[in-house]
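Here is the structure we will look at, set down as structure tokens.
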Protein chains: 2
Amino acid sequence: MEYEILDIDALGRIGKLRTNNKELFTPNLLPVIHPYNNLITPSEIKRIGFNCIFTNAYILYQNEISRFEALKKGIHQYLNYDGLIATDSGAFQQYMYNNDDIQISSNDIEKFQEDIGSDFPVILDLPVQPEDDLKIAQDKVNISLLRANENIKRRSKECSWIGPIHGSEFPELLKKSTIEMSKLNFGIYAIGGLVKYFLNYQFRTILKILITVKKNIIPTKPLHMFGLGLPQFFSLAVAFGSDIMDSAAYILYAKENRYFSLSTGTRNIEEMEEFPCNCPVCNNYTPIELQKSEKEFRTKQLALHNLYISSQELKTIRQAIREGRLWELVEQRIRTHPYLVKAFKLLKKNHQFFEKYEKSYKKHGRLFNSSESKFRPIIYRYNWRLHEFYRVPKNANFLIILPELDIKGIKSPSICNWIEKINHNSTITRSLIHIVFYSGIFGIIPLELNTVFPMGQYESINHWEFYKNSYSNIKKYFNKNIKNYKKCAFLIPKTYINQYSKTVSFKERNLLKTIEKLKFKYNIPMESFDLIDEILEFFKDK
Amino acid sequence: MEYEILDIDALGRIGKLRTNNKELFTPNLLPVIHPYNNLITPSEIKRIGFNCIFTNAYILYQNEISRFEALKKGIHQYLNYDGLIATDSGAFQQYMYNNDDIQISSNDIEKFQEDIGSDFPVILDLPVQPEDDLKIAQDKVNISLLRANENIKRRSKECSWIGPIHGSEFPELLKKSTIEMSKLNFGIYAIGGLVKYFLNYQFRTILKILITVKKNIIPTKPLHMFGLGLPQFFSLAVAFGSDIMDSAAYILYAKENRYFSLSTGTRNIEEMEEFPCNCPVCNNYTPIELQKSEKEFRTKQLALHNLYISSQELKTIRQAIREGRLWELVEQRIRTHPYLVKAFKLLKKNHQFFEKYEKSYKKHGRLFNSSESKFRPIIYRYNWRLHEFYRVPKNANFLIILPELDIKGIKSPSICNWIEKINHNSTITRSLIHIVFYSGIFGIIPLELNTVFPMGQYESINHWEFYKNSYSNIKKYFNKNIKNYKKCAFLIPKTYINQYSKTVSFKERNLLKTIEKLKFKYNIPMESFDLIDEILEFFKDK
């Protein structure tokens with residue numbers, strides 16, 4: 001198996017997985033199908049665009065007829081599906097239904113998966129339950145590791161085994177499971193035991209687990225998450241490092257008349273008058289027609305729609321990764337439920353880790369569209385680098401802080417005019433003056449850096465949403481650099497020329513409050529002025 | 001013409017417009033077509049789901065052959081379209097291209113529209129330009145009003161005339177134009193002169209104009225906005241009161257290879273590898289195939305896709321209105337551009353107006369998914385009503401403020417337990433105690449109101465996003481009601497049982513800060529305690 005990373009954004013990766021002469025692009029979803037009882041055939045799933053499905057070898061094995069047939073034909077011919085096939089071992093049944101009477105040995109079920117020609121078989125692991133205490137969880141992780149080792153010794157064929165990682169809410173255990181599994185040769189690593197959190201909408205817990213694993217896993221293999229099927233969660237999971245997911249949600253929800261939607265969340269079709277979607281199902285039927293149709297037909301159509309929406313969202317996510325806009329997408333998607341927003345905020349606690357993977361340059365300027373935009377790794381990186389590496393120009397005695405306007409830097413006629421005045425002034429030698437901008441979202445941006453990505457190429461919601469953030473960034477700059485300056489002046493203009501070429505009044509009154517706080521805190525002459533000339537006079541005064 | 005309002009949410013209205021035995025549901029978009037030079041035929045547009053199109057009578061009139069033919073056949077047969085047809089008068093050409101050589105009289109072009117059987121003809125108005133000064137703008141509005149009056153006298157057929165409203169950024173003029181036009185009999189009222197703002201992304205200015213008109217227009221007729229075609233703006237425009245829009249954006253953008261997307265904004269197809277959409281175009285072609293195809297074919301396919309997406313978004317919006325979730329949808333959609341967020345915040349300045357139209361009950365609990373959720377009219381209404389109409393129970397000497405938890409009210413085992421203790425205590429007579437909750441988003445919620453919609457049925461992002469809001473709501477409650485109480489106690493428990501039945505620590509430390517501020521401000525004994533028993537002892541103490 002080969003896994004080639006073609007592009008990244010956040011922790012999301014466009015990857016090309018190649019095995020048995022077939023390809024799978026990640027991030028992706030593997031729809032789960034029953035091995036012999038499906039409303040939607042595997043080839044219908046393929047037509048929607050899914051090149052890998054997930055089925056259950058344990059259920060197949062339990063049924064003598066199907067077991068025999070699958071062994072005879074091989075799983076691909078048995079399912080009449082020429083894409084990739086992953087198979088589960090029965091551990092999920094044990095986990096989901098606390099089913100302890102699973103009477104199969106890991107040897108039998110693992111060999112069976114090899115024999116039917118599964119592309120991605122799973123070892124028989126022992127998932128940790130959310131309610132397990134540490135002792136039980138440790139035992140389960142150890143047994144799973146033992147079985148993983150046994151599996152490796154036993155393997156008789158070349159196939160890409162999936163290696164499950166466990167540890168639930170115990171970070172140290174999770175770390176151990178991840179590190180130990182990373183040492184063993186698996187094609188795909190997969191986090192197990194998440195579904196019950198998922199059904200409870202505990203997205204934050206799921207992401208905490210994911211990020212712990214992500215920090216410790218070898219990065220050259222895809223990371224799978226067992227059983228996460230709601231499309232409104234996909235982009236967040238991908239941004240936090242999930243490469244592959246599998247789910248039966250599309251059909252399970254359909255059985256309960258539930259219709260996937262990315263705009264306002266999952267809906268019962270009985271509440272719907274119009275289908276807000278252009279997929280073939282929604283173009284062919286109205287909600288009322290489906291409501292009135294036979295149960296089986298309705299379920300199938302809803303399941304097809306749910307798959308179409310899932311596929312669409314994966315394309316959206318892959319496209320966002322290529323465009324470097326995954327965070328923008330995530331900030332939009334999390335608006336379908338407050339718990340998604342809460343989960344997203346884990347970004348803040350892990351900004352150092354996310355920063356490492358952030359691209360240093362992207363083709364487009366950034367859009368900061370929500371108050372959560374302040375957590376973006378690029379902002380953290382800017383402030384961290386400014387603090388670590390930036391040196392104030394030699395001889396710079398006088399600091400002028402200009403406000404950032406709706407047009408950034410010298411593209412703004414007002415800013416251009418101010419800088420012109422400073423450059424050609426006859427009061428203070430130009431080299432003694434250092435010009436920086438006060439940016440609501442980035443904090444201090446020295447003029448020299450103001451055209452560097454992304455400080456010169458962004459649009460943002462009202463700066464003052466980020467006030468706390470930017471004030472602490474200014475303090476950080478002052479703490480380190482204020483000793484270089486003799487005097488500091490803020491320009492608070494009465495008016496400026498906005499992007500529509502209109503002269504408008506400058507309304508950022510919070511800036512005055514900030515200056516008062518800074519004056520109190522730092523012991524150098526610091527004032528605010530309406531005009532550049534006044535600033536220069538202030539610098540001249542002894 | 002009949003216009004029946006079937007449902008509302010925010011200022012959005014599901015309306016059924018009936019004229020000439022045809023129906024149009026609002027909110028809706030009228031795709032603009034050229035009268036004789038179209039890549040997409042009117043019947044193709046109809047098949048996508050648009051039951052009304054907009055074409056230009058002026059261009060039709062200018063071409064002698066087409067004029068003659070349209071007069072002979074009637075506009076419906078001429079365009080081979082059996083839906084509703086609105087026609088423009090040439091004013092837009094004048095507005096858009098500052099084209100002063102339009103040599104047609106209002107008499108001629110208006111009569112022509114009647115003669116070809118337009119369902120919705122437009123009078124020849126004189127749009128105000130963004131750069132017009134007040135004097136010029138006034139003159140234009142007066143001329144348009146004069147022509148509207150003349151039009152009414154001249155009408156020879158029953159058709160639903162569209163009456164344009166102007167005033168640009170002059171609110172008083174806009175108000176005058178709206179009120180005067182409202183007095184005249186038009187089927188549809190329409191705001192003109194917006195396109196140039198739209199092209200500049202001045203969404204806030206557009207909504208300001210819309211809301212001024214909306215406050216003054218007669219509510220029984222649909223309100224149209226001329227020329228707003230980006231689907232990411234539709235939901236915001238509808239929430240602020242737009243019933244109908246028209247646009248040629250679907251084809252104009254397509255000509256520049258631009259692909260509509262609701263998830264990450266409009267894209268050039270040269271930047272795309274996958275189409276994140278399930279419409280027939282996107283299911284049939286890849287971006288690369290379209291990139292390589294003939295210009296005309298590509299433009300047509302992109303325009304079809306752009307129409308499919310527009311239609312999908314209108315369905316999404318209508319569905320959101322029916323479900324009472326239009327604000328939730330808007331809060332998601334505005335994340336495609338910061339200027340949409342800035343525009344959305346006009347809600348705050350107009351909350352009294354929005355409150356009037358807010359339903360008092362909705363079928364589902366509310367989701368407060370972003371920091372902008374605090375502007376929702378329902379929150380404003382709650383606080384306003386609490387302030388105006390709420391009376392503290394008689395004899396209530398002692399105020400207990402319980403924190404709101406992740407489960408609301410007595411559904412929470414912890415809250416249930418606290419109330420139980422208060423109800424069965426032997427220290428203080430129960431009727432002397434008044435229990436209220438401290439809610440991060442609503443402020444103070446008296447126990448008696450805690451199951452009333454929507455205070456008992458909501459999920460929210462972290463309360464402390466709304467801290468400023470809720471603190472000012474508490475102060476409002478205290479200012480009015482604190483005189484009723486002798487003592488006030490906050491419960492700040494060490495732990496509580498969360499929605500997952502786990503005992504977790506109570507971390508809302510900001511609450512302690514709030515209490516300190518309140519103690520300083522209000523002159524009654526006020527303390528915070530870990531336990532209900534301590535509170536009761538505090539009340540007992542003389």
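Following the order of the structure tokens, first chain is A, next is B, and so on, with residues numbered from 1 inside each chain and ligands from 1 in the order they appear.
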May I ask you to extract the residues of chain B within 9 Å of chain A, using only C-alpha atoms, and to give them as a PyMOL selection string? chain B and resi 48+200+263-264+271-280+283+308-309+311-320+322-323+325-326+328-329+331-342+367-372+459-462+500
Atomic distance atom CA of Leu491 of chain A - atom CA of Val392 of chain A, expressed in Å with one decimal: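 Calculated distance between atom CA of Leu491 of chain A and atom CA of Val392 of chain A is 19.5 Å.
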Between atom CA of Lys214 of chain B and atom CA of Ile321 of chain B, distance in Å (one decimal): 18.0 Å
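Near Ile143 of chain A, within 10 Å and counting only C-alpha atoms, sit A:Leu124, A:Asp125, A:Leu126, A:Pro127, A:Ala137, A:Gln138, A:Asp139, A:Lys140, A:Leu146, A:Arg147, A:Ala148, A:Asn149, not including residues fewer than 3 positions from it in the same chain.
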Could you dump the residues just selected with N, CA and C atoms as a PDB file, in the first residue's frame?
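And here's selection.pdb as it stands now:
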ATOM      1  N   LEU A 124      -9.207  -8.229  15.475  1.00  0.00           N
ATOM      2  CA  LEU A 124     -10.269  -8.285  16.489  1.00  0.00           C
ATOM      3  C   LEU A 124      -9.780  -7.584  17.761  1.00  0.00           C
ATOM      4  N   ASP A 125     -10.043  -6.303  17.834  1.00  0.00           N
ATOM      5  CA  ASP A 125      -9.602  -5.520  18.992  1.00  0.00           C
ATOM      6  C   ASP A 125     -10.661  -5.536  20.079  1.00  0.00           C
ATOM      7  N   LEU A 126     -10.384  -4.868  21.156  1.00  0.00           N
ATOM      8  CA  LEU A 126     -11.316  -4.824  22.282  1.00  0.00           C
ATOM      9  C   LEU A 126     -11.549  -3.351  22.631  1.00  0.00           C
ATOM     10  N   PRO A 127     -12.595  -2.749  22.070  1.00  0.00           N
ATOM     11  CA  PRO A 127     -12.785  -1.313  22.265  1.00  0.00           C
ATOM     12  C   PRO A 127     -13.047  -0.937  23.717  1.00  0.00           C
ATOM     13  N   ALA A 137      -9.853  -0.127  31.066  1.00  0.00           N
ATOM     14  CA  ALA A 137      -9.386   0.441  29.797  1.00  0.00           C
ATOM     15  C   ALA A 137      -7.962  -0.023  29.485  1.00  0.00           C
ATOM     16  N   GLN A 138      -7.103  -0.009  30.493  1.00  0.00           N
ATOM     17  CA  GLN A 138      -5.712  -0.461  30.299  1.00  0.00           C
ATOM     18  C   GLN A 138      -5.670  -1.916  29.839  1.00  0.00           C
ATOM     19  N   ASP A 139      -6.470  -2.750  30.520  1.00  0.00           N
ATOM     20  CA  ASP A 139      -6.505  -4.164  30.138  1.00  0.00           C
ATOM     21  C   ASP A 139      -6.917  -4.323  28.681  1.00  0.00           C
ATOM     22  N   LYS A 140      -7.943  -3.569  28.304  1.00  0.00           N
ATOM     23  CA  LYS A 140      -8.437  -3.691  26.931  1.00  0.00           C
ATOM     24  C   LYS A 140      -7.380  -3.244  25.915  1.00  0.00           C
ATOM     25  N   LEU A 146      -1.660  -6.841  22.185  1.00  0.00           N
ATOM     26  CA  LEU A 146      -1.225  -8.232  22.090  1.00  0.00           C
ATOM     27  C   LEU A 146      -1.755  -8.868  20.802  1.00  0.00           C
ATOM     28  N   ARG A 147      -3.033  -8.644  20.564  1.00  0.00           N
ATOM     29  CA  ARG A 147      -3.648  -9.215  19.367  1.00  0.00           C
ATOM     30  C   ARG A 147      -3.048  -8.616  18.097  1.00  0.00           C
ATOM     31  N   ALA A 148      -2.701  -7.334  18.167  1.00  0.00           N
ATOM     32  CA  ALA A 148      -2.067  -6.699  17.011  1.00  0.00           C
ATOM     33  C   ALA A 148      -0.739  -7.377  16.708  1.00  0.00           C
ATOM     34  N   ASN A 149       0.023  -7.674  17.764  1.00  0.00           N
ATOM     35  CA  ASN A 149       1.296  -8.370  17.586  1.00  0.00           C
ATOM     36  C   ASN A 149       1.101  -9.772  17.016  1.00  0.00           C
TER      37      ASN A 149
END
Check segment 199-346 of chain B with DSSP on the backbone and list each residue it calls alpha helix (DSSP H), as a VMD selection string. chain B and resid 199 203 to 216 231 to 239 249 to 255 280 to 284 287 to 292 295 to 323 326 to 333 338 to 344 346
For Gly409 of chain A, list every protein, DNA or RNA residue within 12 Å, evaluated using only C-alpha atoms, and leave out those in the same chain fewer than 2 positions away; present the list as a ChimeraX atom specification. /A:402-407,411-419,435-439,445-452,455-458
Could you write out that same residue set with N, CA and C atoms as an mmCIF file, in the first residue's frame?
data_model
loop_
_atom_site.group_PDB
_atom_site.id
_atom_site.type_symbol
_atom_site.label_atom_id
_atom_site.label_comp_id
_atom_site.auth_asym_id
_atom_site.auth_seq_id
_atom_site.Cartn_x
_atom_site.Cartn_y
_atom_site.Cartn_z
ATOM 1 N N LEU A 402 0.143 53.688 13.436
ATOM 2 C CA LEU A 402 -0.963 54.103 12.570
ATOM 3 C C LEU A 402 -2.085 53.079 12.692
ATOM 4 N N PRO A 403 -3.318 53.511 12.587
ATOM 5 C CA PRO A 403 -4.399 52.521 12.629
ATOM 6 C C PRO A 403 -4.495 51.782 11.292
ATOM 7 N N GLU A 404 -4.822 50.514 11.351
ATOM 8 C CA GLU A 404 -5.118 49.803 10.123
ATOM 9 C C GLU A 404 -6.507 50.239 9.653
ATOM 10 N N LEU A 405 -6.661 50.419 8.359
ATOM 11 C CA LEU A 405 -7.963 50.864 7.840
ATOM 12 C C LEU A 405 -8.618 49.732 7.047
ATOM 13 N N ASP A 406 -9.739 50.052 6.402
ATOM 14 C CA ASP A 406 -10.425 48.997 5.644
ATOM 15 C C ASP A 406 -9.606 48.529 4.434
ATOM 16 N N ILE A 407 -8.771 49.416 3.903
ATOM 17 C CA ILE A 407 -7.787 48.968 2.906
ATOM 18 C C ILE A 407 -6.450 48.892 3.641
ATOM 19 N N LYS A 411 -1.925 50.664 0.096
ATOM 20 C CA LYS A 411 -2.998 50.705 -0.903
ATOM 21 C C LYS A 411 -4.077 51.701 -0.484
ATOM 22 N N SER A 412 -4.083 52.070 0.798
ATOM 23 C CA SER A 412 -5.064 53.039 1.291
ATOM 24 C C SER A 412 -4.555 54.454 1.010
ATOM 25 N N PRO A 413 -5.378 55.306 0.377
ATOM 26 C CA PRO A 413 -4.919 56.674 0.103
ATOM 27 C C PRO A 413 -4.599 57.442 1.387
ATOM 28 N N SER A 414 -5.342 57.199 2.456
ATOM 29 C CA SER A 414 -5.060 57.913 3.708
ATOM 30 C C SER A 414 -3.712 57.494 4.275
ATOM 31 N N ILE A 415 -3.489 56.186 4.334
ATOM 32 C CA ILE A 415 -2.223 55.687 4.896
ATOM 33 C C ILE A 415 -1.063 56.161 4.033
ATOM 34 N N CYS A 416 -1.241 56.097 2.747
ATOM 35 C CA CYS A 416 -0.232 56.545 1.812
ATOM 36 C C CYS A 416 0.153 57.994 2.097
ATOM 37 N N ASN A 417 -0.863 58.782 2.288
ATOM 38 C CA ASN A 417 -0.681 60.194 2.584
ATOM 39 C C ASN A 417 0.082 60.395 3.891
ATOM 40 N N TRP A 418 -0.272 59.654 4.931
ATOM 41 C CA TRP A 418 0.419 59.775 6.216
ATOM 42 C C TRP A 418 1.902 59.412 6.076
ATOM 43 N N ILE A 419 2.140 58.325 5.383
ATOM 44 C CA ILE A 419 3.528 57.860 5.251
ATOM 45 C C ILE A 419 4.338 58.848 4.424
ATOM 46 N N ILE A 435 7.632 53.143 11.840
ATOM 47 C CA ILE A 435 6.178 53.133 11.626
ATOM 48 C C ILE A 435 5.646 51.711 11.753
ATOM 49 N N VAL A 436 4.623 51.546 12.560
ATOM 50 C CA VAL A 436 3.947 50.252 12.633
ATOM 51 C C VAL A 436 2.441 50.495 12.534
ATOM 52 N N PHE A 437 1.695 49.422 12.254
ATOM 53 C CA PHE A 437 0.239 49.509 12.236
ATOM 54 C C PHE A 437 -0.331 48.803 13.447
ATOM 55 N N TYR A 438 -1.476 49.317 13.875
ATOM 56 C CA TYR A 438 -2.218 48.616 14.896
ATOM 57 C C TYR A 438 -3.363 47.876 14.221
ATOM 58 N N SER A 439 -3.268 46.559 14.226
ATOM 59 C CA SER A 439 -4.285 45.745 13.556
ATOM 60 C C SER A 439 -5.169 45.072 14.596
ATOM 61 N N ILE A 445 1.755 45.420 13.474
ATOM 62 C CA ILE A 445 2.383 45.004 12.214
ATOM 63 C C ILE A 445 3.366 46.087 11.773
ATOM 64 N N PRO A 446 4.676 45.825 11.858
ATOM 65 C CA PRO A 446 5.650 46.821 11.378
ATOM 66 C C PRO A 446 5.439 47.089 9.885
ATOM 67 N N LEU A 447 5.662 48.335 9.498
ATOM 68 C CA LEU A 447 5.476 48.713 8.091
ATOM 69 C C LEU A 447 6.242 47.779 7.151
ATOM 70 N N GLU A 448 7.447 47.366 7.578
ATOM 71 C CA GLU A 448 8.263 46.488 6.729
ATOM 72 C C GLU A 448 7.576 45.162 6.432
ATOM 73 N N LEU A 449 6.685 44.738 7.342
ATOM 74 C CA LEU A 449 6.051 43.422 7.174
ATOM 75 C C LEU A 449 4.639 43.519 6.620
ATOM 76 N N ASN A 450 4.257 44.739 6.336
ATOM 77 C CA ASN A 450 2.832 44.937 6.079
ATOM 78 C C ASN A 450 2.346 44.399 4.741
ATOM 79 N N THR A 451 3.270 44.072 3.847
ATOM 80 C CA THR A 451 2.808 43.448 2.604
ATOM 81 C C THR A 451 3.041 41.936 2.584
ATOM 82 N N VAL A 452 3.595 41.435 3.694
ATOM 83 C CA VAL A 452 3.874 39.997 3.761
ATOM 84 C C VAL A 452 2.567 39.232 4.029
ATOM 85 N N MET A 455 -0.635 39.401 6.402
ATOM 86 C CA MET A 455 -1.006 40.637 7.099
ATOM 87 C C MET A 455 -1.529 41.701 6.146
ATOM 88 N N GLY A 456 -1.103 41.628 4.899
ATOM 89 C CA GLY A 456 -1.565 42.628 3.945
ATOM 90 C C GLY A 456 -2.713 42.153 3.080
ATOM 91 N N GLN A 457 -3.105 40.890 3.264
ATOM 92 C CA GLN A 457 -4.130 40.322 2.379
ATOM 93 C C GLN A 457 -5.222 39.671 3.211
ATOM 94 N N TYR A 458 -5.998 40.477 3.874
ATOM 95 C CA TYR A 458 -7.100 39.869 4.605
ATOM 96 C C TYR A 458 -8.275 40.833 4.726
#
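Residues within 10 Å of Gly241 of chain B, counting only C-alpha atoms and excluding same-chain residues fewer than 3 positions away, are Asp9, Ala10, Leu11, Gly12, Arg13, Pro27, Leu207, Leu210, Ile211, Val213, Lys214, Lys215, Pro222, Leu223, His224, Met225, Ser235, Leu236, Ala237, Val238, Ile244 and Phe354 of chain B.
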Export, as a compact mmCIF listing (two decimals), in the first residue's frame, the selected residues with N, CA and C atoms.
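See result09.txt below for the written result:
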# COMPACT_ATOMS: atom_id res chain seq x y z
N ASP B 9 -40.80 34.24 9.20
CA ASP B 9 -39.71 34.11 10.17
C ASP B 9 -38.76 35.27 9.92
N ALA B 10 -38.27 35.88 10.99
CA ALA B 10 -37.57 37.16 10.87
C ALA B 10 -38.49 38.06 10.02
N LEU B 11 -37.97 38.79 9.05
CA LEU B 11 -38.86 39.54 8.15
C LEU B 11 -39.11 38.76 6.87
N GLY B 12 -38.65 37.51 6.85
CA GLY B 12 -38.86 36.66 5.68
C GLY B 12 -40.29 36.14 5.66
N ARG B 13 -40.87 36.05 4.47
CA ARG B 13 -42.26 35.63 4.36
C ARG B 13 -42.43 34.58 3.27
N PRO B 27 -40.10 33.69 -0.65
CA PRO B 27 -39.09 34.43 -1.39
C PRO B 27 -38.66 33.69 -2.66
N LEU B 207 -28.66 46.67 3.09
CA LEU B 207 -29.62 46.29 4.13
C LEU B 207 -30.19 47.51 4.85
N LEU B 210 -32.82 48.66 2.62
CA LEU B 210 -33.94 47.72 2.68
C LEU B 210 -34.77 47.92 3.94
N ILE B 211 -34.10 48.06 5.06
CA ILE B 211 -34.83 48.13 6.33
C ILE B 211 -35.60 49.45 6.43
N VAL B 213 -36.92 51.02 3.91
CA VAL B 213 -38.10 50.82 3.07
C VAL B 213 -39.10 49.92 3.79
N LYS B 214 -38.59 48.84 4.35
CA LYS B 214 -39.46 47.85 5.01
C LYS B 214 -40.27 48.47 6.14
N LYS B 215 -39.69 49.43 6.83
CA LYS B 215 -40.40 50.07 7.94
C LYS B 215 -41.54 50.95 7.46
N PRO B 222 -45.73 42.25 -2.17
CA PRO B 222 -44.33 41.76 -2.14
C PRO B 222 -43.35 42.91 -2.35
N LEU B 223 -42.20 42.79 -1.69
CA LEU B 223 -41.13 43.77 -1.86
C LEU B 223 -40.00 43.13 -2.67
N HIS B 224 -39.70 43.76 -3.77
CA HIS B 224 -38.68 43.25 -4.69
C HIS B 224 -37.40 44.07 -4.54
N MET B 225 -36.26 43.43 -4.78
CA MET B 225 -35.00 44.17 -4.87
C MET B 225 -34.42 43.93 -6.25
N SER B 235 -30.21 34.73 1.91
CA SER B 235 -30.89 34.50 3.19
C SER B 235 -30.87 35.76 4.05
N LEU B 236 -29.78 36.51 3.99
CA LEU B 236 -29.68 37.75 4.76
C LEU B 236 -30.70 38.76 4.23
N ALA B 237 -30.78 38.88 2.91
CA ALA B 237 -31.72 39.83 2.31
C ALA B 237 -33.16 39.43 2.66
N VAL B 238 -33.45 38.14 2.64
CA VAL B 238 -34.80 37.68 2.97
C VAL B 238 -35.10 37.95 4.45
N ILE B 244 -38.66 39.23 -3.14
CA ILE B 244 -38.27 38.79 -4.49
C ILE B 244 -36.98 39.51 -4.88
N PHE B 354 -37.55 44.33 14.44
CA PHE B 354 -37.54 42.89 14.20
C PHE B 354 -38.39 42.15 15.25
d(atom CA of Gly83 of chain B, atom CA of Thr26 of chain B) in Å: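 Between atom CA of Gly83 of chain B and atom CA of Thr26 of chain B the gap works out to 14.6 Å.
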What's the 8 Å shell around Leu304 of chain A, counting only C-alpha atoms, without same-chain residues fewer than 4 positions away, as JSON, numbers by chain? {"A": [40, 250, 281, 300, 308]}
Atoms kept (all heavy atoms) for selection, written as a JSON list (two decimals), in the first residue's frame:
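To be explicit, this is the file written out as out_13.json:
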[["chain", "number", "residue", "atom", "x", "y", "z"],
["A", 40, "ILE", "N", -29.49, -0.48, -0.68],
["A", 40, "ILE", "CA", -28.69, 0.14, -1.74],
["A", 40, "ILE", "C", -27.56, -0.81, -2.09],
["A", 40, "ILE", "O", -26.85, -1.29, -1.20],
["A", 40, "ILE", "CB", -28.10, 1.48, -1.26],
["A", 40, "ILE", "CG1", -29.24, 2.42, -0.85],
["A", 40, "ILE", "CG2", -27.23, 2.12, -2.33],
["A", 40, "ILE", "CD1", -28.78, 3.78, -0.43],
["A", 250, "TYR", "N", -25.94, 7.11, 7.04],
["A", 250, "TYR", "CA", -26.80, 7.44, 5.89],
["A", 250, "TYR", "C", -28.03, 6.54, 5.83],
["A", 250, "TYR", "O", -29.12, 7.00, 5.51],
["A", 250, "TYR", "CB", -26.00, 7.33, 4.58],
["A", 250, "TYR", "CG", -25.64, 5.92, 4.18],
["A", 250, "TYR", "CD1", -26.39, 5.22, 3.25],
["A", 250, "TYR", "CD2", -24.55, 5.27, 4.77],
["A", 250, "TYR", "CE1", -26.07, 3.91, 2.90],
["A", 250, "TYR", "CE2", -24.22, 3.97, 4.42],
["A", 250, "TYR", "CZ", -24.99, 3.29, 3.49],
["A", 250, "TYR", "OH", -24.67, 2.01, 3.17],
["A", 281, "VAL", "N", -32.18, 12.34, -6.32],
["A", 281, "VAL", "CA", -33.37, 12.02, -5.52],
["A", 281, "VAL", "C", -34.22, 13.27, -5.32],
["A", 281, "VAL", "O", -35.44, 13.27, -5.56],
["A", 281, "VAL", "CB", -32.96, 11.45, -4.14],
["A", 281, "VAL", "CG1", -34.18, 11.25, -3.25],
["A", 281, "VAL", "CG2", -32.18, 10.15, -4.30],
["A", 300, "LYS", "N", -34.83, 3.93, 1.00],
["A", 300, "LYS", "CA", -33.77, 3.85, 0.00],
["A", 300, "LYS", "C", -33.48, 5.24, -0.59],
["A", 300, "LYS", "O", -32.31, 5.64, -0.74],
["A", 300, "LYS", "CB", -34.16, 2.88, -1.12],
["A", 300, "LYS", "CG", -33.14, 2.87, -2.24],
["A", 300, "LYS", "CD", -33.25, 1.68, -3.16],
["A", 300, "LYS", "CE", -32.17, 1.82, -4.24],
["A", 300, "LYS", "NZ", -32.03, 0.63, -5.04],
["A", 308, "TYR", "N", -25.45, 11.18, -1.22],
["A", 308, "TYR", "CA", -25.10, 12.28, -2.12],
["A", 308, "TYR", "C", -24.58, 13.50, -1.35],
["A", 308, "TYR", "O", -23.58, 14.11, -1.72],
["A", 308, "TYR", "CB", -26.30, 12.69, -2.98],
["A", 308, "TYR", "CG", -26.43, 11.92, -4.27],
["A", 308, "TYR", "CD1", -27.45, 11.01, -4.47],
["A", 308, "TYR", "CD2", -25.50, 12.10, -5.30],
["A", 308, "TYR", "CE1", -27.58, 10.29, -5.65],
["A", 308, "TYR", "CE2", -25.61, 11.39, -6.49],
["A", 308, "TYR", "CZ", -26.65, 10.49, -6.66],
["A", 308, "TYR", "OH", -26.75, 9.79, -7.84]]
Contacts of segment 162-177 of chain A within 9 Å, only C-alpha atoms, excl. fewer than 3 positions in-chain, as an MDAnalysis selection string: chainID A and resid 86 120:130 132 134 137:138 140:142 144:145 148 180:182 184:194 205:206 208:209 212:213 215:217 224 226
Kindly indicate which residue among A:Tyr97, A:Gly90, A:Ile410, A:Cys159 lies nearest to Ser118 of chain A, using only C-alpha atoms for the distances.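 Under the stated criterion, the closest residue is A:Cys159.
The residue that comes closest to Val32 of chain B, out of B:Glu44, B:Glu69, B:Asp88, B:Glu4 and on the basis of only C-alpha atoms, is B:Asp88.
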